[in-house]
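Undergrad: Dumping the structure here so I can ask a few things about it.
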Amino acid sequence: MEFIDAHSHVWTPDVKKYPLAPGYEVSDMKPPSFTAEELQAEMKPVGVNRVVLIQMSFYGFDNSYMLDCMAKYPGMFSGVAVIDQNGDQPTPKMLELKKKGVRGFRIRPQTKKVDEWLDGECMEEMWSTGAKEGMAMCCLMDAVGLPALDKMCQKHRDTTVVIDHLARIGVTGEIDPKEVDMLCKMAKHPNVYVKVSAFYALGKKQMPYHDLLPLIEKVYQAFGANRLMWATDCPYQVQGDHSYQASIGLVRNGLPFLSGMDKEWILEKTAEKVFFQGI
């Protein structure tokens, strides 16, 4: 089986060709470099041959480096771009990026109140265009943002939605059962998917991450394998005492409740369906 990492970031130390967005400094880039080639050095040894690249915040709305990596390695990368979610008329930009291999857009609360983070005409248009064009809304948020997402999913039933990093449940070190229930209830929306990812940042934050098994099992029972996708959140998954091998190893070998077909969906087929169609 060939694997897909559904969430990784890349950036380059070449800030002349790819300038940082206002408010960011070179010192913010930690590690200083994580290029497409450095990502390949991590992914290929464990059988990962495709990756969904997520636009890095350092670059703001300039998706150039991500797009250039996608063009340099055709078929290896899909992309989730960032555009101004509070701007005007997002559809032309979304369609332009789709032609270049983008299949989703990262959205997050930013400075908005958590119950209002999905409000606004631009967001409404993004969701409508996403439904028409088969482009996902990829949500980076804590579980506290799920009620607003629930309401938006009711309004836009045909829009594909991907919840990043298990809604960051456990980022404080504690896995709150109420938050787990909130996430699992989102399974009532048939077009909502969840990334089983960022193990380095959740729970005890220690390999082999077995403390996350009860959380992952409950999410699996709610959504089914065909709506879950594994991801690393590199380069952060390969910093300090963490490794790429440990991340994929948890799904391949550490989840006893998964069948072989379940693993195939989580490690490849779900991400392929959502992010690689037409690429």
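By convention in this document, the chains of the structure tokens carry letters A, B, ... by their order, each chain's residues are numbered from 1, and ligands are numbered from 1 in the order they are shown.
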Need to verify the contact set: His242 of chain A, 8 Å, only C-alpha atoms, exclusion of same-chain residues closer than 4 positions in sequence. Can you return it as a VMD selection string?

TA: chain A and resid 200 206 to 207 237 to 238 246

Undergrad: Could the residues in this selection be saved with N, CA, C and O atoms as an mmCIF file, in the first residue's frame?

TA:
data_model
loop_
_atom_site.group_PDB
_atom_site.id
_atom_site.type_symbol
_atom_site.label_atom_id
_atom_site.label_comp_id
_atom_site.auth_asym_id
_atom_site.auth_seq_id
_atom_site.Cartn_x
_atom_site.Cartn_y
_atom_site.Cartn_z
ATOM 1 N N TYR A 200 2.271 14.417 18.169
ATOM 2 C CA TYR A 200 3.323 15.024 18.988
ATOM 3 C C TYR A 200 2.762 16.110 19.923
ATOM 4 O O TYR A 200 3.370 16.442 20.942
ATOM 5 N N GLN A 206 4.059 12.031 23.955
ATOM 6 C CA GLN A 206 5.198 11.126 24.031
ATOM 7 C C GLN A 206 4.969 9.921 23.135
ATOM 8 O O GLN A 206 3.877 9.333 23.144
ATOM 9 N N MET A 207 5.999 9.561 22.349
ATOM 10 C CA MET A 207 5.918 8.314 21.589
ATOM 11 C C MET A 207 5.790 7.142 22.559
ATOM 12 O O MET A 207 6.355 7.201 23.652
ATOM 13 N N GLN A 237 6.242 17.202 13.628
ATOM 14 C CA GLN A 237 6.238 15.811 14.039
ATOM 15 C C GLN A 237 7.645 15.210 14.068
ATOM 16 O O GLN A 237 7.852 14.153 14.677
ATOM 17 N N VAL A 238 8.597 15.853 13.447
ATOM 18 C CA VAL A 238 9.952 15.289 13.416
ATOM 19 C C VAL A 238 10.938 16.149 14.224
ATOM 20 O O VAL A 238 12.148 16.090 14.006
ATOM 21 N N ALA A 246 7.155 7.113 14.064
ATOM 22 C CA ALA A 246 6.238 6.897 15.176
ATOM 23 C C ALA A 246 4.825 7.337 14.826
ATOM 24 O O ALA A 246 3.843 6.716 15.267
#

Undergrad: At a cut-off of 12 Å, can you tabulate as CSV every residue of segment 181-278 of chain A near segment 104-111 of chain A together with its closest atom pair and the distance in Å to one decimal, using only C-alpha atoms and ordering rows by chain then number?

TA:
residue,atom,partner,partner_atom,distance
A:Ala271,CA,A:Gly104,CA,11.6
A:Val274,CA,A:Gly104,CA,8.8
A:Phe275,CA,A:Gly104,CA,7.4
A:Phe276,CA,A:Gly104,CA,10.4
A:Gln277,CA,A:Gly104,CA,11.7

Undergrad: Here is a test: counting only C-alpha atoms, which residue of A:Ser57, A:Ser8, A:Gln245, A:Thr270 is nearest to Asp28 of chain A?

TA: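 Closest to Asp28 of chain A, using only C-alpha atoms: A:Ser57.
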
Undergrad: Could you check which of A:Met94, A:Cys69, A:Leu215, A:Leu267 is closest to Asn49 of chain A, using only C-alpha atoms?

TA: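 Residue with the minimum atom-to-atom distance to Asn49 of chain A: A:Leu267.
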
Undergrad: Which distance in Å separates atom CA of Val46 of chain A and atom CA of Ile4 of chain A, to one decimal?

TA: 10.8 Å

Undergrad: Can I get the residues of segment 118-166 of chain A within 12 Å of segment 72-79 of chain A, each with the closest pair of atoms and their distance in Å to one decimal, using only C-alpha atoms, sorted chain first then ascending number, as a tab-separated table?

TA:
residue	atom	partner	partner_atom	distance
A:Met135	CA	A:Gly79	CA	10.5
A:Ala136	CA	A:Gly79	CA	10.7
A:Cys138	CA	A:Gly79	CA	11.1

Undergrad: Next, dump the selected residues to file, keeping only all heavy atoms, as an mmCIF file, in the first residue's frame.

TA:
data_model
loop_
_atom_site.group_PDB
_atom_site.id
_atom_site.type_symbol
_atom_site.label_atom_id
_atom_site.label_comp_id
_atom_site.auth_asym_id
_atom_site.auth_seq_id
_atom_site.Cartn_x
_atom_site.Cartn_y
_atom_site.Cartn_z
ATOM 1 N N MET A 135 -14.055 21.524 -3.448
ATOM 2 C CA MET A 135 -12.902 22.012 -2.691
ATOM 3 C C MET A 135 -13.281 22.082 -1.218
ATOM 4 O O MET A 135 -14.337 22.599 -0.855
ATOM 5 C CB MET A 135 -12.466 23.382 -3.210
ATOM 6 C CG MET A 135 -12.214 23.389 -4.712
ATOM 7 S SD MET A 135 -11.774 25.024 -5.357
ATOM 8 C CE MET A 135 -10.026 25.045 -5.001
ATOM 9 N N ALA A 136 -12.409 21.568 -0.374
ATOM 10 C CA ALA A 136 -12.724 21.390 1.045
ATOM 11 C C ALA A 136 -12.424 22.635 1.865
ATOM 12 O O ALA A 136 -11.485 23.383 1.574
ATOM 13 C CB ALA A 136 -11.935 20.209 1.601
ATOM 14 N N CYS A 138 -10.909 23.422 5.285
ATOM 15 C CA CYS A 138 -10.037 22.717 6.228
ATOM 16 C C CYS A 138 -9.884 23.561 7.480
ATOM 17 O O CYS A 138 -9.279 24.641 7.435
ATOM 18 C CB CYS A 138 -8.687 22.434 5.581
ATOM 19 S SG CYS A 138 -8.835 21.425 4.084
#

Undergrad: What residues in segment 166-262 of chain A get the DSSP label strand (DSSP E)? Please answer as a PyMOL selection string.

TA: chain A and resi 192-196+228-230

Undergrad: Grab the residues selected above and save them as a compact mmCIF listing (two decimals), in the first residue's frame with N, CA, C and O atoms.

TA:
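Output (out-v5.txt):
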# COMPACT_ATOMS: atom_id res chain seq x y z
N VAL A 192 -18.31 15.65 6.53
CA VAL A 192 -17.28 16.07 7.48
C VAL A 192 -16.27 14.94 7.67
O VAL A 192 -16.65 13.79 7.92
N TYR A 193 -15.00 15.30 7.55
CA TYR A 193 -13.88 14.36 7.72
C TYR A 193 -12.99 14.85 8.85
O TYR A 193 -13.00 16.03 9.20
N VAL A 194 -12.17 13.96 9.39
CA VAL A 194 -11.28 14.31 10.50
C VAL A 194 -9.87 13.82 10.21
O VAL A 194 -9.68 12.68 9.78
N LYS A 195 -8.91 14.68 10.45
CA LYS A 195 -7.51 14.27 10.35
C LYS A 195 -7.06 13.70 11.69
O LYS A 195 -7.14 14.35 12.73
N VAL A 196 -6.59 12.46 11.63
CA VAL A 196 -6.00 11.80 12.79
C VAL A 196 -4.51 12.13 12.72
O VAL A 196 -3.75 11.47 12.02
N LEU A 228 -11.81 9.29 7.97
CA LEU A 228 -10.62 9.66 8.74
C LEU A 228 -9.41 9.60 7.82
O LEU A 228 -9.34 8.77 6.92
N MET A 229 -8.45 10.48 8.06
CA MET A 229 -7.22 10.46 7.28
C MET A 229 -6.04 10.76 8.19
O MET A 229 -6.08 11.65 9.03
N TRP A 230 -4.99 9.96 8.04
CA TRP A 230 -3.77 10.13 8.83
C TRP A 230 -2.94 11.27 8.28
O TRP A 230 -2.90 11.52 7.07

Undergrad: Residues at most 10 Å from segment 180-186 of chain A, counting only C-alpha atoms, excluding those fewer than 5 positions away in the same chain, as a VMD selection string?

TA: chain A and resid 143 to 147 149 to 150 153 163 166 to 167 169 to 170 175 191 to 194 214 to 216 218 to 223

Undergrad: Compile a residue-level contact table for segment 109-228 of chain A against segment 252-260 of chain A at a cut-off of 8 Å, reporting for every qualifying residue the shortest atom pair and its distance in Å to one decimal, with only C-alpha atoms counted, rows ordered by chain and ascending number, as JSON lines.

TA:
{"residue": "A:His210", "atom": "CA", "partner": "A:Gly254", "partner_atom": "CA", "distance": 7.2}
{"residue": "A:Leu213", "atom": "CA", "partner": "A:Leu255", "partner_atom": "CA", "distance": 6.8}
{"residue": "A:Glu217", "atom": "CA", "partner": "A:Phe257", "partner_atom": "CA", "distance": 7.3}

Undergrad: Got a sec: who's within 12 Å of Gln40 of chain A, counting only C-alpha atoms, leaving out chain neighbours fewer than 3 positions off, as a list in words?

TA: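 Near neighbours after the sequence-gap exclusion: Asp5, Ser8, His9, Val10, Phe34, Thr35, Ala36, Glu37, Met43, Lys44, Pro45, Val46, Gly47, Val48, Asn49, Arg50, Val51, Cys69, Tyr73, Met76, Phe77, Cys234, Pro235 and Tyr244 of chain A.
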
Undergrad: Name all residues at most 8 Å from segment 13-21 of chain A (count only C-alpha atoms; drop same-chain ones fewer than 6 positions away) and give them as a list in words.

TA: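 Near segment 13-21 of chain A, the qualifying residues are Pro32, Ser33, Phe58, Tyr59, Gly60, Phe61, Asp62, Ser64 and Tyr65 of chain A.
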
Undergrad: Quick one: write out the picked residues with all heavy atoms as a PDB file, in the first residue's frame?

TA:
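out-v4.pdb written:
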ATOM      1  N   PRO A  32      14.636  26.363  10.673  1.00  0.00           N
ATOM      2  CA  PRO A  32      14.896  27.398   9.676  1.00  0.00           C
ATOM      3  C   PRO A  32      14.534  26.980   8.258  1.00  0.00           C
ATOM      4  O   PRO A  32      14.250  27.832   7.416  1.00  0.00           O
ATOM      5  CB  PRO A  32      16.407  27.642   9.807  1.00  0.00           C
ATOM      6  CG  PRO A  32      16.754  27.181  11.176  1.00  0.00           C
ATOM      7  CD  PRO A  32      15.853  26.021  11.448  1.00  0.00           C
ATOM      8  N   SER A  33      14.530  25.678   7.998  1.00  0.00           N
ATOM      9  CA  SER A  33      14.236  25.174   6.657  1.00  0.00           C
ATOM     10  C   SER A  33      13.478  23.856   6.748  1.00  0.00           C
ATOM     11  O   SER A  33      13.811  22.988   7.559  1.00  0.00           O
ATOM     12  CB  SER A  33      15.548  24.959   5.884  1.00  0.00           C
ATOM     13  OG  SER A  33      15.303  24.348   4.632  1.00  0.00           O
ATOM     14  N   PHE A  58       3.709  31.604   7.677  1.00  0.00           N
ATOM     15  CA  PHE A  58       4.775  32.569   7.421  1.00  0.00           C
ATOM     16  C   PHE A  58       4.529  33.374   6.144  1.00  0.00           C
ATOM     17  O   PHE A  58       4.948  34.517   6.032  1.00  0.00           O
ATOM     18  CB  PHE A  58       6.133  31.873   7.246  1.00  0.00           C
ATOM     19  CG  PHE A  58       6.553  30.984   8.368  1.00  0.00           C
ATOM     20  CD1 PHE A  58       7.349  29.878   8.118  1.00  0.00           C
ATOM     21  CD2 PHE A  58       6.173  31.234   9.675  1.00  0.00           C
ATOM     22  CE1 PHE A  58       7.765  29.043   9.137  1.00  0.00           C
ATOM     23  CE2 PHE A  58       6.576  30.408  10.709  1.00  0.00           C
ATOM     24  CZ  PHE A  58       7.373  29.310  10.437  1.00  0.00           C
ATOM     25  N   TYR A  59       3.862  32.755   5.166  1.00  0.00           N
ATOM     26  CA  TYR A  59       3.702  33.361   3.850  1.00  0.00           C
ATOM     27  C   TYR A  59       2.367  34.078   3.659  1.00  0.00           C
ATOM     28  O   TYR A  59       2.122  34.625   2.582  1.00  0.00           O
ATOM     29  CB  TYR A  59       3.849  32.291   2.766  1.00  0.00           C
ATOM     30  CG  TYR A  59       5.216  31.639   2.728  1.00  0.00           C
ATOM     31  CD1 TYR A  59       5.356  30.260   2.874  1.00  0.00           C
ATOM     32  CD2 TYR A  59       6.366  32.388   2.546  1.00  0.00           C
ATOM     33  CE1 TYR A  59       6.602  29.649   2.829  1.00  0.00           C
ATOM     34  CE2 TYR A  59       7.623  31.790   2.511  1.00  0.00           C
ATOM     35  CZ  TYR A  59       7.730  30.416   2.658  1.00  0.00           C
ATOM     36  OH  TYR A  59       8.966  29.818   2.607  1.00  0.00           O
ATOM     37  N   GLY A  60       1.513  34.075   4.669  1.00  0.00           N
ATOM     38  CA  GLY A  60       0.242  34.766   4.540  1.00  0.00           C
ATOM     39  C   GLY A  60      -0.593  34.220   3.388  1.00  0.00           C
ATOM     40  O   GLY A  60      -0.802  33.015   3.269  1.00  0.00           O
ATOM     41  N   PHE A  61      -1.052  35.134   2.514  1.00  0.00           N
ATOM     42  CA  PHE A  61      -1.891  34.739   1.377  1.00  0.00           C
ATOM     43  C   PHE A  61      -1.076  34.453   0.113  1.00  0.00           C
ATOM     44  O   PHE A  61      -1.653  34.165  -0.932  1.00  0.00           O
ATOM     45  CB  PHE A  61      -2.914  35.832   1.061  1.00  0.00           C
ATOM     46  CG  PHE A  61      -3.747  36.249   2.238  1.00  0.00           C
ATOM     47  CD1 PHE A  61      -4.025  37.592   2.471  1.00  0.00           C
ATOM     48  CD2 PHE A  61      -4.254  35.306   3.121  1.00  0.00           C
ATOM     49  CE1 PHE A  61      -4.787  37.982   3.559  1.00  0.00           C
ATOM     50  CE2 PHE A  61      -5.024  35.683   4.214  1.00  0.00           C
ATOM     51  CZ  PHE A  61      -5.286  37.035   4.428  1.00  0.00           C
ATOM     52  N   ASP A  62       0.236  34.512   0.225  1.00  0.00           N
ATOM     53  CA  ASP A  62       1.098  34.220  -0.923  1.00  0.00           C
ATOM     54  C   ASP A  62       1.442  32.729  -0.896  1.00  0.00           C
ATOM     55  O   ASP A  62       2.328  32.290  -0.168  1.00  0.00           O
ATOM     56  CB  ASP A  62       2.369  35.064  -0.863  1.00  0.00           C
ATOM     57  CG  ASP A  62       3.268  34.865  -2.081  1.00  0.00           C
ATOM     58  OD1 ASP A  62       2.970  33.965  -2.904  1.00  0.00           O
ATOM     59  OD2 ASP A  62       4.277  35.587  -2.206  1.00  0.00           O
ATOM     60  N   SER A  64       2.876  30.940  -3.099  1.00  0.00           N
ATOM     61  CA  SER A  64       3.820  30.667  -4.187  1.00  0.00           C
ATOM     62  C   SER A  64       4.731  29.481  -3.917  1.00  0.00           C
ATOM     63  O   SER A  64       4.934  28.632  -4.798  1.00  0.00           O
ATOM     64  CB  SER A  64       4.679  31.909  -4.470  1.00  0.00           C
ATOM     65  OG  SER A  64       3.890  32.978  -4.911  1.00  0.00           O
ATOM     66  N   TYR A  65       5.314  29.409  -2.727  1.00  0.00           N
ATOM     67  CA  TYR A  65       6.263  28.318  -2.492  1.00  0.00           C
ATOM     68  C   TYR A  65       5.563  26.965  -2.530  1.00  0.00           C
ATOM     69  O   TYR A  65       6.059  26.015  -3.154  1.00  0.00           O
ATOM     70  CB  TYR A  65       7.010  28.489  -1.168  1.00  0.00           C
ATOM     71  CG  TYR A  65       8.033  27.394  -0.969  1.00  0.00           C
ATOM     72  CD1 TYR A  65       9.127  27.286  -1.830  1.00  0.00           C
ATOM     73  CD2 TYR A  65       7.887  26.432   0.027  1.00  0.00           C
ATOM     74  CE1 TYR A  65      10.048  26.257  -1.695  1.00  0.00           C
ATOM     75  CE2 TYR A  65       8.807  25.403   0.174  1.00  0.00           C
ATOM     76  CZ  TYR A  65       9.888  25.317  -0.687  1.00  0.00           C
ATOM     77  OH  TYR A  65      10.804  24.292  -0.562  1.00  0.00           O
TER      78      TYR A  65
END

Undergrad: Pick the closest to Ala198 of chain A from A:Glu272, A:Asp88, A:Asp164, A:Glu174: which is it, counting only C-alpha atoms?

TA: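 For Ala198 of chain A, the nearest of the given residues is A:Asp164.
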
Undergrad: Work out how far apart atom CA of Glu96 of chain A and atom CA of Glu25 of chain A are and give it in Å to one decimal.

TA: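 Value for the atom CA of Glu96 of chain A-atom CA of Glu25 of chain A distance: 28.6 Å.
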
Undergrad: Using backbone DSSP assignments, extract all helix (DSSP H, G or I) residues from segment 121-255 of chain A; output them as number ranges by chain.

TA: A: 121-133, 143-155, 164-168, 177-188, 199-201, 210-223, 225-227, 236-238, 244-253

Undergrad: So, counting only C-alpha atoms, which residue among A:Trp117, A:Trp127, A:Phe199, A:Trp11 is closest to Ser247 of chain A?

TA: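 Answer, going by the shortest atom-to-atom distance: A:Phe199.
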
Undergrad: Could you state the separation of atom CA of Pro190 of chain A and atom CA of Cys139 of chain A in Å, given to one decimal place?

TA: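 Result for atom CA of Pro190 of chain A versus atom CA of Cys139 of chain A: 16.0 Å, one decimal.
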
Undergrad: Quick one: everything within 8 Å of Lys204 of chain A, counting only C-alpha atoms, minus sequence neighbours fewer than 4 positions away in the same chain. Send it as a PyMOL selection string.

TA: chain A and resi 173-174+209+211

Undergrad: Produce a file of the selected residues containing N, CA and C atoms, as a compact mmCIF listing (two decimals), in the first residue's frame.

TA:
# COMPACT_ATOMS: atom_id res chain seq x y z
N GLY A 173 -2.82 18.66 27.29
CA GLY A 173 -2.31 17.53 28.05
C GLY A 173 -3.40 16.64 28.58
N GLU A 174 -4.62 17.15 28.65
CA GLU A 174 -5.77 16.40 29.13
C GLU A 174 -6.78 16.21 28.00
N TYR A 209 2.58 7.23 21.71
CA TYR A 209 1.28 7.90 21.65
C TYR A 209 0.10 6.98 21.96
N ASP A 211 -1.52 6.64 24.58
CA ASP A 211 -2.54 7.28 25.40
C ASP A 211 -3.65 7.90 24.55

Undergrad: When distances are computed from only C-alpha atoms, which of A:Gln154, A:Thr159, A:Ser197, A:Gln85 shows the smallest separation from Glu133 of chain A?

TA: A:Thr159
